[in-house]
Amino acid sequence: MLEVKDLIVNYGVIQALKGISFEVNEGEVIALIGANGAGKTTTLQTISGMLQPTSGQVLLEGTDITKVPGHKIVSMGMAHVPEGRRVFPGLTVLENLKMGAYTRSNKKEIGDAFDRVYESFPRLKERQNQLAGTLSGGEQQMLAMGRALMSQPRIILMDEPSMGLSPIYVEEIFNIIQEISKAGTTVLLVEQNAKKALAIADRAYVLETGNIVLSGDAKTLMNDDSIKKAYLGE
Amino acid sequence: MGFLTYLINGLSLGSVYAIIALGYTMVYGIAKMLNFAHGDVIMIGAYVVFMCMANSGMPAVVSIVISIVCCTALGMIIEKIAYKPLRKATNLAVLITAIGVSYFLQNMALMLFGSNPVSFTSVINWQGISLAGGSLKITGNAIITIITCVVIMIVLMWFVKNTKPGQAMRAVSEDKEAAILMGINVNATISLTFAIGSGLAAIAGALLCSSYPSLTPYTGSMPGIKAFTAAVFGGIGSIPGALIGGLLLGIIEILAKAYISSQLADAIVFAVLIIVLLVKPTGILGKQIKEKV
C-alpha cells in the first residue's frame with residue numbers, strides 16, 4: 001500500500017531522517033514509535049508531501065508520489081491527521097468537516113461520508129454548529145480525525161492523536177482508530193504512547209534519531225526488553 | 001441639511017475606502033502580508049479607465065470592465081513576480097518588497113502618463129436627486145458609489161461562504177498547512193485573492209476619480225494608506241470589518257473637514273485610529289490573533 005525507500009530529509013544542516021525504509025500493507029495498523037525528535041513527524045510530513053526529501057522515494061499503491069505537491073495527495077487516497085490536530089478554529093465543526101471533503105464533488109458521497117463520521121463521532125454531530133476553536137482537546141482530535149475521514153481515504157496517517165488528552169479520551173481515540181481500521185482503512189500511526197500504540201498495531205517500527213533501529217510484530221516488540229525499558233517505562 | 005449632505009459625502013468616500021480596504025484585508029487574511037502596492041493599483045486602474053474613455057471614446061462601463069481585467073492581471077503578475085518567491089522569507093523582506101513595488105508602479109505611471117494631473121471624466125453620468133424641496137442634493141456619484149460598495153460586500157461575503165474557492169480562502173486564512181492537507185492549492189488561492197483585490201481596486205479607482213477628478217501617478221497613494229488604516233480600524237482580515245472601518249473613516253474625514261479644519265482632517269482621522277487601537281488593538285471586528293509557537 002505504502003512504501004518508503006531510503007528516505008533522507010535535511011533541515012538545513014541537520015539530518016532529520018538518515019535513510020529510513022519501511023512499508024505499510026493494505027489493512028494493517030502500523031505504529032511508528034520513538035522519543036521526541038526521533039523523526040516521526042518528519043516522516044509523516046514527507047510522506048504526505050508537506051516536506052521534500054533530499055533523497056529517497058515514497059510509493060503509494062505503486063505510484064511514486066515523492067514529488068507530488070501536498071495538496072494533490074488527498075485525492076490519491078491518503079489523508080493526514082496532523083500533530084496538534086490543526087482544526088480550523090474559526091470555522092464550525094460542520095464547516096471543518098466540509099473542508100475535509102474539499103476534493104470531492106459528488107454530493108451523495110459527501111453525504112455518506114458525513115453519515116459515517118457522525119456515526120463514529122456522535123459528539124461532533126451534537127456540536128456541528130459550534131466553532132472548532134471552542135471544543136475541548138479531545139473533541140478537536142475527534143474533529144481532526146473526522147475531517148480526515150471525510151475524504152474517504154484508503155490510508156490514513158495519524159500524528160500523535162493521543163497527545164495532551166485525558167486518559168478517558170485517550171482510550172476513546174484508540175478505540176476509534178481500531179474501528180477505522182476494521183472499516184477497511186489502512187492506518188499509519190505515530191505515537192509517543194508506545195504502550196497503547198503497540199496494543200492496537202499489527203507491526204511497529206522504532207525510530208531513534210532519524211534511523212529505524214527496530215521493527216517487527218507489535219506483540220513481539222511489546223515484550224522486547226529494550227523497548228520495555230526505553231518506551232514502556234517498565 | 002448641511003450635516004446630512006456631509007454624512008452622505010462621508011458615506012460615499014467611505015465606500016471607496018471600504019472597497020480598497022477589502023484588497024488589503026483579504027490579502028492580509030490569506031497571505032498574511034501587507035500589500036502596500038495596492039493603492040497604486042487603484043491609480044493604474046483609474047488611468048486605464050481614463051485612457052479608454054478620454055482617448056478612445058469608449059463607454060464608461062466598457063472602460064471599467066477593461067480596467068478590471070487589466071488590474072486583475074496586474075495584481076496576479078505582481079504576486080507571482082514579487083511576492084511568491086518570498087513565501088518563506090521574513091515579513092520585513094515582504095513588506096520592503098511591497099513598498100518597492102509601490103514605487104515601481106508610481107514611476108512606471110510617471111514614465112507612461114507624465115506628472116501633470118489629467119482631468120478624469122466621471123464614469124457616472126447622472127446628476128443625482130434633490131430631496132426636501134431642493135435643500136438636500138445627493139449626487140449621482142455618491143449614490144452609485146454607495147450602492148456599488150454594498151453590492152460588492154454582499155457578493156463577496158456570499159462568495160467566501162458558499163463557493164468552493166471561497167471555502168479554500170477561509171481555510172488558507174485559518175491554517176495554511178492544514179489547508180494543504182485538505183487538498184487545497186494554497187498558491188492558487190493566494191493568486192485568486194490578489195486577483196479579486198486588484199479587480200476591486202480598478203472599481204475603486206474609477207469611483208474615486210469620478211468624485212475627485214484630478215488624476216496623477218500619486219493619486220492612489222493617500223487613499224491607499226487611508227484604506228489600509230480603515231482595514232486596521234475595522235479589524236484586519238475581516239471583510240465586514242473593512243466595510244465598517246471604511247465607512248467610519250470616510251464619515252470622520254468629511255465631518256472633520258466640514259466642522260473642524262480641512263487641513264487637520266487627516267490628522268484627526270489618524271488620531272481616531274490611534275485611540276481605537278489603544279482601546280481595542282485588534283480593531284473593531286478583529287479576532288484575537290494567537291501566536292503559534
# chains A, B, ... in the order shown; residues from 1 in each chain; ligands from 1
>>> closest_atom_pairs(of="chain B", to="chain A", cutoff="7 Å", atoms="only C-alpha atoms", output="Markdown table")
| residue | atom | partner | partner_atom | distance |
| --- | --- | --- | --- | --- |
| B:Ala171 | CA | A:Phe88 | CA | 6.8 |
| B:Glu174 | CA | A:Phe88 | CA | 5.7 |
| B:Asp175 | CA | A:Phe88 | CA | 6.5 |
| B:Ala178 | CA | A:Arg86 | CA | 6.1 |
| B:Ile180 | CA | A:His71 | CA | 4.7 |
| B:Leu181 | CA | A:His71 | CA | 6.0 |
| B:Met182 | CA | A:Gly100 | CA | 5.4 |
| B:Gly183 | CA | A:His71 | CA | 4.0 |
| B:Ile184 | CA | A:His71 | CA | 5.4 |
| B:Asn185 | CA | A:His71 | CA | 5.6 |
>>> select_by_dssp(residues="stretch 111-179 of chain B", states="alpha helix (DSSP H)", output="JSON, numbers by chain")
{"B": [111, 112, 113, 140, 141, 142, 143, 144, 145, 146, 147, 148, 149, 150, 151, 152, 153, 154, 155, 156, 157, 158, 159, 160, 161, 162, 164, 165, 166, 167, 168, 169, 170, 171, 172, 173, 174, 176, 177, 178, 179]}
>>> atom_distance(atom1="atom CA of B:Val151", atom2="atom CA of B:Leu255")
25.0 Å
>>> residues_around(residues="A:Lys5", least_positions_apart="3", cutoff="7 Å", atoms="only C-alpha atoms", output="list of chain:residue names")
A:Ile20, A:Ser21, A:Phe22, A:Gly56, A:Gln57, A:Val58
>>> atom_distance(atom1="atom CA of B:Leu34", atom2="atom CA of B:Gly14")
20.4 Å
>>> select_by_dssp(residues="stretch 32-220 of chain B", states="strand (DSSP E)", output="PDB file with C-alpha atoms, in the first residue's frame")
ATOM      1  CA  VAL B 118      -5.186  64.716 -16.017  1.00  0.00           C
ATOM      2  CA  SER B 119      -8.810  65.618 -15.623  1.00  0.00           C
ATOM      3  CA  ILE B 129     -31.520  63.565  -6.808  1.00  0.00           C
ATOM      4  CA  SER B 130     -32.866  66.517  -4.897  1.00  0.00           C
ATOM      5  CA  LEU B 131     -34.734  65.928  -1.679  1.00  0.00           C
ATOM      6  CA  LEU B 136     -30.703  68.235   0.159  1.00  0.00           C
ATOM      7  CA  LYS B 137     -28.898  67.253  -3.008  1.00  0.00           C
ATOM      8  CA  ILE B 138     -27.367  63.834  -3.387  1.00  0.00           C
ATOM      9  CA  SER B 214      -7.598  65.107 -10.649  1.00  0.00           C
ATOM     10  CA  LEU B 215      -5.539  62.052 -11.581  1.00  0.00           C
TER      11      LEU B 215
END
>>> residues_around(residues="B:Ala227", least_positions_apart="5", cutoff="8 Å", atoms="only C-alpha atoms", output="list in words")
Tyr17, Ala18, Ile20, Ala21, Tyr24 and Gly246 of chain B
